[in-house]
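**Student:** Input structure: coords21.txt, which contains compact mmCIF, C-alpha atoms.
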# COMPACT_ATOMS: atom_id res chain seq x y z
CA MET A 18 147.68 79.91 153.54
CA THR A 19 144.78 80.11 151.09
CA THR A 20 145.55 81.33 147.60
CA LEU A 21 142.84 83.41 145.86
CA PRO A 22 142.10 82.48 142.25
CA ALA A 23 143.45 84.84 139.60
CA VAL A 24 140.92 87.10 137.95
CA THR A 25 141.30 87.39 134.21
CA PRO A 26 140.53 90.60 132.25
CA ALA A 27 137.53 88.87 130.68
CA ALA A 28 136.14 88.16 134.13
CA GLU A 29 136.65 91.79 135.16
CA ARG A 30 134.74 93.01 132.10
CA SER A 31 131.99 90.54 132.85
CA ALA A 32 131.69 91.78 136.43
CA VAL A 33 131.54 95.42 135.32
CA THR A 34 128.91 94.60 132.72
CA THR A 35 126.85 92.66 135.24
CA ALA A 36 126.95 95.56 137.71
CA ALA A 37 125.98 98.08 135.02
CA ASP A 38 123.07 95.93 133.87
CA ARG A 39 121.41 95.75 137.27
CA PRO A 40 117.72 96.66 136.98
CA GLY A 41 117.69 99.38 139.63
CA ARG A 42 120.73 101.20 138.28
CA GLY A 43 119.43 101.04 134.72
CA ARG A 44 116.12 102.59 135.76
CA ARG A 45 117.90 105.40 137.57
CA ARG A 46 120.03 106.19 134.52
CA SER A 47 117.09 106.05 132.10
CA GLY A 48 115.17 108.60 134.16
CA THR A 49 117.99 111.14 134.29
CA PRO A 50 117.26 112.79 130.89
CA TYR A 51 113.59 113.19 131.81
CA ALA A 52 114.57 114.85 135.07
CA PHE A 53 116.59 117.45 133.17
CA LEU A 54 113.79 117.96 130.64
CA ALA A 55 111.05 118.19 133.26
CA PRO A 56 111.36 121.97 134.00
CA ALA A 57 111.24 122.84 130.29
CA LEU A 58 108.31 120.51 129.70
CA VAL A 59 106.39 121.96 132.65
CA LEU A 60 106.97 125.54 131.50
CA PHE A 61 106.07 124.65 127.91
CA THR A 62 102.84 122.98 129.00
CA ALA A 63 101.85 125.71 131.44
CA PHE A 64 102.62 128.78 129.34
CA LEU A 65 102.20 127.55 125.75
CA GLY A 66 100.40 124.24 125.51
CA ALA A 67 97.60 124.99 127.99
CA PRO A 68 96.82 128.50 126.57
CA VAL A 69 96.64 127.07 123.05
CA VAL A 70 94.22 124.34 124.14
CA TYR A 71 92.15 126.88 126.09
CA ALA A 72 92.02 129.22 123.08
CA GLY A 73 90.74 126.32 120.98
CA TYR A 74 88.09 125.64 123.60
CA LEU A 75 86.99 129.29 123.70
CA SER A 76 86.76 129.40 119.91
CA LEU A 77 84.03 126.75 120.06
CA ARG A 78 81.91 128.65 122.59
CA ARG A 79 79.76 131.78 122.53
CA VAL A 80 77.87 133.98 124.96
CA LYS A 81 74.10 134.27 124.67
CA VAL A 82 72.49 137.30 126.32
CA SER A 83 68.87 137.03 127.43
CA GLY A 84 66.60 139.53 129.14
CA LEU A 85 66.27 143.30 128.87
CA GLY A 86 69.93 144.14 129.34
CA LEU A 87 71.13 147.10 131.46
CA GLY A 88 72.33 144.69 134.09
CA ARG A 89 69.04 142.80 134.32
CA GLY A 90 69.72 140.25 131.60
CA SER A 91 71.72 137.07 131.92
CA ARG A 92 74.78 135.99 129.98
CA VAL A 93 75.01 132.29 129.35
CA GLU A 94 78.00 130.64 127.67
CA GLN A 95 77.00 127.84 125.34
CA TRP A 96 78.39 125.58 122.63
CA ALA A 97 78.85 127.34 119.28
CA GLY A 98 80.55 124.76 117.10
CA LEU A 99 82.28 126.33 114.10
CA SER A 100 80.08 129.43 113.99
CA ASN A 101 82.88 131.66 115.31
CA TYR A 102 85.18 130.47 112.53
CA THR A 103 82.45 131.15 109.99
CA ARG A 104 82.08 134.69 111.31
CA VAL A 105 85.82 135.28 111.15
CA LEU A 106 86.33 133.91 107.65
CA THR A 107 83.32 135.80 106.29
CA ASP A 108 84.25 139.08 107.97
CA SER A 109 84.62 141.81 105.36
CA GLU A 110 87.86 142.98 107.04
CA PHE A 111 89.57 139.59 107.29
CA LEU A 112 90.59 138.96 103.68
CA PRO A 113 91.91 142.53 103.15
CA SER A 114 94.05 142.16 106.26
CA VAL A 115 95.41 138.86 104.97
CA GLY A 116 96.19 140.52 101.64
CA ARG A 117 98.11 143.30 103.37
CA ILE A 118 100.15 140.77 105.32
CA ALA A 119 100.90 138.81 102.14
CA LEU A 120 102.17 141.94 100.37
CA TYR A 121 104.03 142.97 103.52
CA GLY A 122 105.79 139.59 103.60
CA LEU A 123 106.71 139.77 99.91
CA ILE A 124 108.43 143.09 100.62
CA VAL A 125 110.02 142.43 104.01
CA VAL A 126 111.33 138.86 103.83
CA PRO A 127 113.37 139.08 100.58
CA LEU A 128 114.80 142.53 101.32
CA MET A 129 115.61 141.77 104.95
CA LEU A 130 117.24 138.39 104.29
CA GLY A 131 118.97 139.61 101.12
CA GLY A 132 120.44 142.59 102.96
CA ALA A 133 121.46 140.41 105.92
CA LEU A 134 123.17 137.91 103.62
CA LEU A 135 124.99 140.66 101.73
CA MET A 136 126.21 142.29 104.95
CA ALA A 137 127.34 138.95 106.37
CA LEU A 138 129.27 138.09 103.21
CA LEU A 139 130.96 141.50 103.10
CA ILE A 140 132.04 141.31 106.73
CA ASP A 141 133.19 137.70 106.36
CA ALA A 142 135.29 138.60 103.32
CA GLY A 143 137.65 140.43 105.67
CA ARG A 144 138.01 143.44 103.42
CA SER A 145 137.02 145.91 106.13
CA ARG A 146 139.14 146.58 109.21
CA ALA A 147 136.06 147.84 111.02
CA GLY A 148 134.34 144.44 110.96
CA ARG A 149 133.54 144.41 114.68
CA PHE A 150 132.13 147.94 114.56
CA ALA A 151 130.09 147.06 111.45
CA ARG A 152 128.59 144.00 113.14
CA THR A 153 127.62 146.01 116.19
CA ALA A 154 126.20 148.92 114.18
CA ILE A 155 124.08 146.64 111.99
CA PHE A 156 122.86 144.61 114.98
CA LEU A 157 121.94 147.62 117.17
CA PRO A 158 118.52 148.29 115.56
CA TYR A 159 117.41 144.80 116.60
CA ALA A 160 118.10 145.74 120.23
CA VAL A 161 115.61 148.62 119.99
CA PRO A 162 112.10 147.51 121.05
CA ALA A 163 109.55 147.48 118.24
CA VAL A 164 107.35 150.10 119.90
CA ILE A 165 110.23 152.56 120.36
CA ALA A 166 111.48 151.95 116.82
CA SER A 167 107.98 152.57 115.46
CA LEU A 168 107.72 155.84 117.38
CA LEU A 169 111.14 156.97 116.14
CA TRP A 170 110.27 156.23 112.52
CA GLY A 171 106.78 157.62 112.98
CA PHE A 172 108.15 161.05 113.89
CA LEU A 173 110.57 160.83 110.96
CA TYR A 174 107.59 160.11 108.70
CA LEU A 175 105.56 163.13 109.86
CA PRO A 176 106.10 165.89 107.26
CA ARG A 177 105.80 168.78 109.72
CA ILE A 178 108.57 167.65 112.08
CA SER A 179 110.69 165.31 109.96
CA PRO A 180 114.23 166.53 109.13
CA ILE A 181 114.02 164.46 105.95
CA SER A 182 111.17 166.64 104.72
CA ASP A 183 113.19 169.77 105.49
CA VAL A 184 116.14 168.46 103.46
CA LEU A 185 113.92 167.53 100.51
CA ASN A 186 112.08 170.83 100.61
CA GLY A 187 115.39 172.70 100.77
CA ALA A 188 116.52 170.84 97.65
CA GLY A 189 113.35 171.86 95.84
CA LEU A 190 111.76 168.40 96.08
CA SER A 191 108.38 167.64 97.56
CA ALA A 192 108.38 165.10 100.37
CA PRO A 193 105.80 162.34 99.86
CA ASN A 194 103.12 161.72 102.45
CA VAL A 195 104.39 158.42 103.82
CA PHE A 196 101.16 157.88 105.76
CA SER A 197 99.00 157.97 102.65
CA SER A 198 97.11 154.82 101.66
CA SER A 199 99.57 154.06 98.86
CA TRP A 200 102.72 154.45 101.01
CA VAL A 201 101.80 153.35 104.53
CA LEU A 202 102.46 149.64 103.85
CA TYR A 203 106.01 150.45 102.73
CA ALA A 204 106.48 152.66 105.79
CA VAL A 205 105.61 149.77 108.12
CA ALA A 206 107.76 147.36 106.10
CA ASN A 207 110.75 149.71 106.36
CA ILE A 208 110.62 149.54 110.16
CA ALA A 209 110.61 145.74 110.10
CA ILE A 210 113.53 145.59 107.66
CA TRP A 211 115.54 148.12 109.67
CA GLY A 212 114.98 146.21 112.90
CA GLY A 213 115.31 142.62 111.69
CA MET A 214 118.27 142.77 109.33
CA GLY A 215 120.85 142.87 112.12
CA PHE A 216 119.65 139.71 113.86
CA ASN A 217 119.60 137.69 110.63
CA MET A 218 123.01 139.08 109.69
CA ILE A 219 124.50 137.79 112.97
CA VAL A 220 122.97 134.33 112.40
CA LEU A 221 124.32 134.10 108.85
CA TYR A 222 127.71 135.55 109.77
CA THR A 223 128.06 132.98 112.56
CA ALA A 224 127.35 130.23 110.02
CA LEU A 225 129.91 131.70 107.63
CA ARG A 226 132.59 131.63 110.33
CA THR A 227 132.25 127.84 110.56
CA ILE A 228 133.40 127.37 106.95
CA PRO A 229 137.05 126.25 106.84
CA GLY A 230 139.33 128.89 105.36
CA GLU A 231 141.07 126.27 103.24
CA LEU A 232 138.04 126.08 100.94
CA SER A 233 138.24 129.77 100.05
CA GLU A 234 142.02 129.65 99.70
CA ALA A 235 141.84 126.66 97.36
CA ALA A 236 139.20 128.41 95.27
CA ARG A 237 141.34 131.56 95.01
CA ILE A 238 144.31 129.47 93.88
CA ASP A 239 142.10 128.07 91.13
CA GLY A 240 141.28 131.63 90.04
CA ALA A 241 137.85 132.09 91.61
CA SER A 242 136.77 135.63 92.49
CA ASP A 243 135.11 136.67 95.73
CA VAL A 244 131.70 136.66 94.05
CA GLN A 245 132.23 133.13 92.74
CA ILE A 246 133.42 131.95 96.15
CA ALA A 247 130.31 133.43 97.75
CA LEU A 248 127.90 131.94 95.20
CA ARG A 249 129.47 128.50 94.83
CA ILE A 250 130.94 127.80 98.27
CA LYS A 251 129.67 130.01 101.07
CA ILE A 252 125.97 130.32 100.24
CA PRO A 253 125.46 126.57 99.57
CA VAL A 254 127.21 125.72 102.85
CA ILE A 255 125.07 128.08 104.96
CA LEU A 256 121.83 127.13 103.18
CA PRO A 257 120.39 125.49 106.36
CA SER A 258 120.86 128.78 108.23
CA LEU A 259 119.19 130.65 105.39
CA ILE A 260 116.23 128.28 105.56
CA MET A 261 115.99 128.74 109.33
CA THR A 262 116.03 132.53 109.09
CA PHE A 263 113.41 132.39 106.32
CA VAL A 264 111.06 130.34 108.48
CA PHE A 265 111.53 132.67 111.46
CA SER A 266 110.93 135.70 109.22
CA LEU A 267 107.79 134.09 107.80
CA ILE A 268 106.41 133.48 111.30
CA ALA A 269 107.23 137.06 112.34
CA THR A 270 105.47 138.37 109.23
CA LEU A 271 102.24 136.57 110.10
CA GLN A 272 102.42 137.99 113.63
CA VAL A 273 103.08 141.65 112.84
CA PHE A 274 101.30 143.85 115.36
CA ALA A 275 103.47 146.34 117.24
CA GLU A 276 104.52 148.52 114.28
CA PRO A 277 101.08 149.29 112.76
CA MET A 278 99.46 149.50 116.20
CA THR A 279 102.01 152.10 117.32
CA LEU A 280 101.72 154.12 114.10
CA ARG A 281 97.92 154.05 114.10
CA PRO A 282 97.47 157.28 116.14
CA LEU A 283 99.72 159.07 113.63
CA ALA A 284 98.11 157.71 110.46
CA ASN A 285 94.44 157.70 109.57
CA THR A 286 95.10 155.10 106.88
CA ILE A 287 95.86 152.32 109.42
CA SER A 288 92.57 150.84 110.53
CA ALA A 289 91.83 148.76 113.63
CA THR A 290 91.82 145.64 111.45
CA TRP A 291 94.92 146.41 109.39
CA THR A 292 96.46 143.01 110.26
CA PRO A 293 94.87 139.77 111.52
CA LEU A 294 96.44 140.20 114.96
CA MET A 295 94.92 143.68 115.17
CA MET A 296 91.55 142.03 114.51
CA VAL A 297 92.23 139.77 117.50
CA TYR A 298 92.97 142.83 119.64
CA ARG A 299 89.80 144.58 118.44
CA ASP A 300 87.56 141.61 119.17
CA ALA A 301 89.09 140.86 122.56
CA PHE A 302 89.56 144.33 124.06
CA ILE A 303 87.22 146.65 122.17
CA ARG A 304 84.23 144.46 121.34
CA ASN A 305 84.77 142.22 124.40
CA ASP A 306 84.21 139.15 122.21
CA ILE A 307 86.92 136.76 123.36
CA HIS A 308 85.37 133.85 121.47
CA ALA A 309 85.76 135.52 118.07
CA ALA A 310 89.25 136.63 119.08
CA ALA A 311 90.11 133.05 120.01
CA ALA A 312 88.81 131.79 116.66
CA THR A 313 90.94 134.32 114.77
CA SER A 314 93.97 133.34 116.86
CA VAL A 315 93.47 129.68 116.02
CA VAL A 316 93.18 130.52 112.30
CA ILE A 317 96.46 132.47 112.47
CA ALA A 318 98.17 129.64 114.37
CA VAL A 319 97.01 127.02 111.85
CA ALA A 320 98.15 129.20 108.92
CA THR A 321 101.55 129.74 110.55
CA PHE A 322 101.96 126.02 111.19
CA ALA A 323 100.88 125.07 107.65
CA LEU A 324 103.14 127.59 105.90
CA SER A 325 106.19 126.89 108.06
CA PHE A 326 106.08 123.11 107.94
CA GLY A 327 104.92 123.11 104.33
CA PHE A 328 107.97 125.11 103.36
CA LEU A 329 110.28 122.88 105.42
CA LYS A 330 108.80 119.76 103.83
CA LEU A 331 109.19 121.24 100.35
CA VAL A 332 112.81 122.17 100.98
CA GLY A 333 113.53 118.78 102.57
CA SER A 334 112.04 116.84 99.66
CA ARG A 335 114.11 118.81 97.16
CA ALA A 336 117.26 118.22 99.22
CA PHE A 337 116.67 114.47 99.21
CA ARG A 338 116.11 114.51 95.44
CA GLN A 339 119.44 116.28 94.91
CA GLU A 340 121.24 113.75 97.12
CA ASP A 341 119.73 110.86 95.12
Please, can you express the file's structure as structure tokens?
**Tutor:**
Amino acid sequence: MTTLPAVTPAAERSAVTTAADRPGRGRRRSGTPYAFLAPALVLFTAFLGAPVVYAGYLSLRRVKVSGLGLGRGSRVEQWAGLSNYTRVLTDSEFLPSVGRIALYGLIVVPLMLGGALLMALLIDAGRSRAGRFARTAIFLPYAVPAVIASLLWGFLYLPRISPISDVLNGAGLSAPNVFSSSWVLYAVANIAIWGGMGFNMIVLYTALRTIPGELSEAARIDGASDVQIALRIKIPVILPSLIMTFVFSLIATLQVFAEPMTLRPLANTISATWTPLMMVYRDAFIRNDIHAAAATSVVIAVATFALSFGFLKLVGSRAFRQED
């Protein structure tokens, strides 16, 4: 009878390692992550990457019309270089629209994020028994589409049909014309704050729920008040979430379109070029100049990229300095 040699544990580990290191099996395992990422990469390339590249291509072209027109002329697309960008940047309506967006952002972003942070801290403090109802009530405006929210607020702004005007007039006060040139920017900003505060509150409240309760309890034992706990423990811990919501709010500010476009039929003070994105709409669908619209879109995209990543780099550099 033949006796098989005993296999030691070291030999077993060596056999397993040798089988795992086979070339064919290693290649199959290394390709698995790419297989899972492939659908997302295909969708990203088809619906985001390719349109961005095509918009950049269109921004460098122009249409030259020759002949007598009235259907008898010819339209030839030719290379334009940077002439479309020159037209956009020298447009008399471009800089005023950028100024409006800058003022709009200075109003919306601090108030919206400050209100969201305050609401999240109050709900997280556990003082209110109606915390679940409060979260739902504050979040509900975000679920309302921007066009519908703009229409709702637009009718509330109209003096002739607004119940707010009736209440003020009944109290002997004169209701201001919200659609006047000096108030219309604040009217649009109010809609954005009302609709965006709930989403940011949920993000910040979710981050607050990850903080261990022992930290707050230890601080209370040491005599810290709720305000001190919020300022010295909770806000520093959720600072990454605050930075994320700030970047998202900054991007949304540069892309504001639905609110002023919906209110435009109700207010004569909102022009067709009130925001940069409204300039894109005007050039593309009213003037039928897709090349100028593409150039404006590229300018907006570059500005969004520069501001977002510039802010993230600034915050990151300061964080590294504090750690050092």
**Student:** Quick one: distance from CA of Tyr121 in chain A to CA of Met278 in chain A in Å, one decimal?
**Tutor:**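 The value is 15.0 Å.
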**Student:** For Leu134 in chain A, find every residue with an atom within 9 Å (counting all atoms listed in the file), except residues of its own chain fewer than 2 positions away, and show them as an NGL selection string.
**Tutor:** :A and (129-132 or 136-139 or 214 or 217-218 or 221-222 or 252 or 259)
**Student:** For Gly171 in chain A, which residue out of A:Ala311, A:Leu283, A:Ala63, A:Ala320 is the nearest one, using only C-alpha atoms?
**Tutor:**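 Selected residue with least distance to Gly171 in chain A: A:Leu283.
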**Student:** Taking into account all atoms listed in the file, which residue in the set A:Leu112, A:Val93, A:Ala163, A:Leu248 is nearest to Met296 in chain A?
**Tutor:**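 Counting all atoms listed in the file, the residue closest to Met296 in chain A is A:Leu112.
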**Student:** Smallest atom-to-atom distance to Ala284 in chain A: which of A:Val161, A:Ile255, A:Leu54, A:Leu168, using only C-alpha atoms?
**Tutor:**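 Comparing A:Val161, A:Ile255, A:Leu54, A:Leu168 against Ala284 in chain A, the winner is A:Leu168.
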**Student:** When you count all atoms listed in the file, which of these residues is closest to Arg237 in chain A: A:Ser314, A:Arg299, A:Ile250, A:Ala55?
**Tutor:**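 Going through A:Ser314, A:Arg299, A:Ile250, A:Ala55 one by one, the smallest distance to Arg237 in chain A is for A:Ile250.
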**Student:** Which residue is closest to Tyr102 in chain A? Choose from A:Ala209, A:Leu331, A:Leu185, A:Leu77 and count all atoms listed in the file.
**Tutor:**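 With all atoms listed in the file as the atom set, the closest residue is A:Leu77.
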**Student:** Could you tell me which of A:Ile307, A:Leu225, A:Ile219, A:Leu58 comes closest to Leu256 in chain A if we count only C-alpha atoms?
**Tutor:** A:Leu225
**Student:** Please report the interatomic distance between CA of Ile178 in chain A and CA of Tyr159 in chain A in Å with one decimal.
**Tutor:**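 CA of Tyr159 in chain A lies 24.9 Å from CA of Ile178 in chain A.
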**Student:** What separation in Å, quoted to one decimal, exists between CA of Ala142 in chain A and CA of Gly230 in chain A?
**Tutor:**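 Taking CA of Ala142 in chain A and CA of Gly230 in chain A, their separation equals 10.7 Å.
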**Student:** For Val105 in chain A, find every residue with an atom within 10 Å (counting all atoms listed in the file), except residues of its own chain fewer than 3 positions away, and show them as an MDAnalysis selection string.
**Tutor:** chainID A and resid 100:102 108:112 296 309:310 312:313 316
**Student:** Using all atoms listed in the file, give me every residue within 12 Å of (99.7, 155.1, 105.2) in file coordinates, as a PDB file with C-alpha atoms, in the frame of the given file.
**Tutor:**
ATOM      1  CA  GLY A 171     106.780 157.620 112.980  1.00  0.00           C
ATOM      2  CA  TYR A 174     107.590 160.110 108.700  1.00  0.00           C
ATOM      3  CA  LEU A 175     105.560 163.130 109.860  1.00  0.00           C
ATOM      4  CA  PRO A 193     105.800 162.340  99.860  1.00  0.00           C
ATOM      5  CA  ASN A 194     103.120 161.720 102.450  1.00  0.00           C
ATOM      6  CA  VAL A 195     104.390 158.420 103.820  1.00  0.00           C
ATOM      7  CA  PHE A 196     101.160 157.880 105.760  1.00  0.00           C
ATOM      8  CA  SER A 197      99.000 157.970 102.650  1.00  0.00           C
ATOM      9  CA  SER A 198      97.110 154.820 101.660  1.00  0.00           C
ATOM     10  CA  SER A 199      99.570 154.060  98.860  1.00  0.00           C
ATOM     11  CA  TRP A 200     102.720 154.450 101.010  1.00  0.00           C
ATOM     12  CA  VAL A 201     101.800 153.350 104.530  1.00  0.00           C
ATOM     13  CA  LEU A 202     102.460 149.640 103.850  1.00  0.00           C
ATOM     14  CA  TYR A 203     106.010 150.450 102.730  1.00  0.00           C
ATOM     15  CA  ALA A 204     106.480 152.660 105.790  1.00  0.00           C
ATOM     16  CA  VAL A 205     105.610 149.770 108.120  1.00  0.00           C
ATOM     17  CA  ALA A 206     107.760 147.360 106.100  1.00  0.00           C
ATOM     18  CA  PRO A 277     101.080 149.290 112.760  1.00  0.00           C
ATOM     19  CA  LEU A 280     101.720 154.120 114.100  1.00  0.00           C
ATOM     20  CA  ARG A 281      97.920 154.050 114.100  1.00  0.00           C
ATOM     21  CA  PRO A 282      97.470 157.280 116.140  1.00  0.00           C
ATOM     22  CA  LEU A 283      99.720 159.070 113.630  1.00  0.00           C
ATOM     23  CA  ALA A 284      98.110 157.710 110.460  1.00  0.00           C
ATOM     24  CA  ASN A 285      94.440 157.700 109.570  1.00  0.00           C
ATOM     25  CA  THR A 286      95.100 155.100 106.880  1.00  0.00           C
ATOM     26  CA  ILE A 287      95.860 152.320 109.420  1.00  0.00           C
ATOM     27  CA  SER A 288      92.570 150.840 110.530  1.00  0.00           C
ATOM     28  CA  TRP A 291      94.920 146.410 109.390  1.00  0.00           C
TER      29      TRP A 291
END
**Student:** Need to verify the contact set: Pro113 in chain A, 10 Å, only C-alpha atoms, exclusion of same-chain residues closer than 5 positions in sequence. Can you return it as a PyMOL selection string?
**Tutor:** chain A and resi 108+118-119+290-293
**Student:** Which residues are near Ala318 in chain A? Cut-off 10 Å, all atoms listed in the file, ignore same chain within fewer than 3 positions. Put them as a PyMOL selection string.
**Tutor:** chain A and resi 69+268+271-272+312-315+321-323
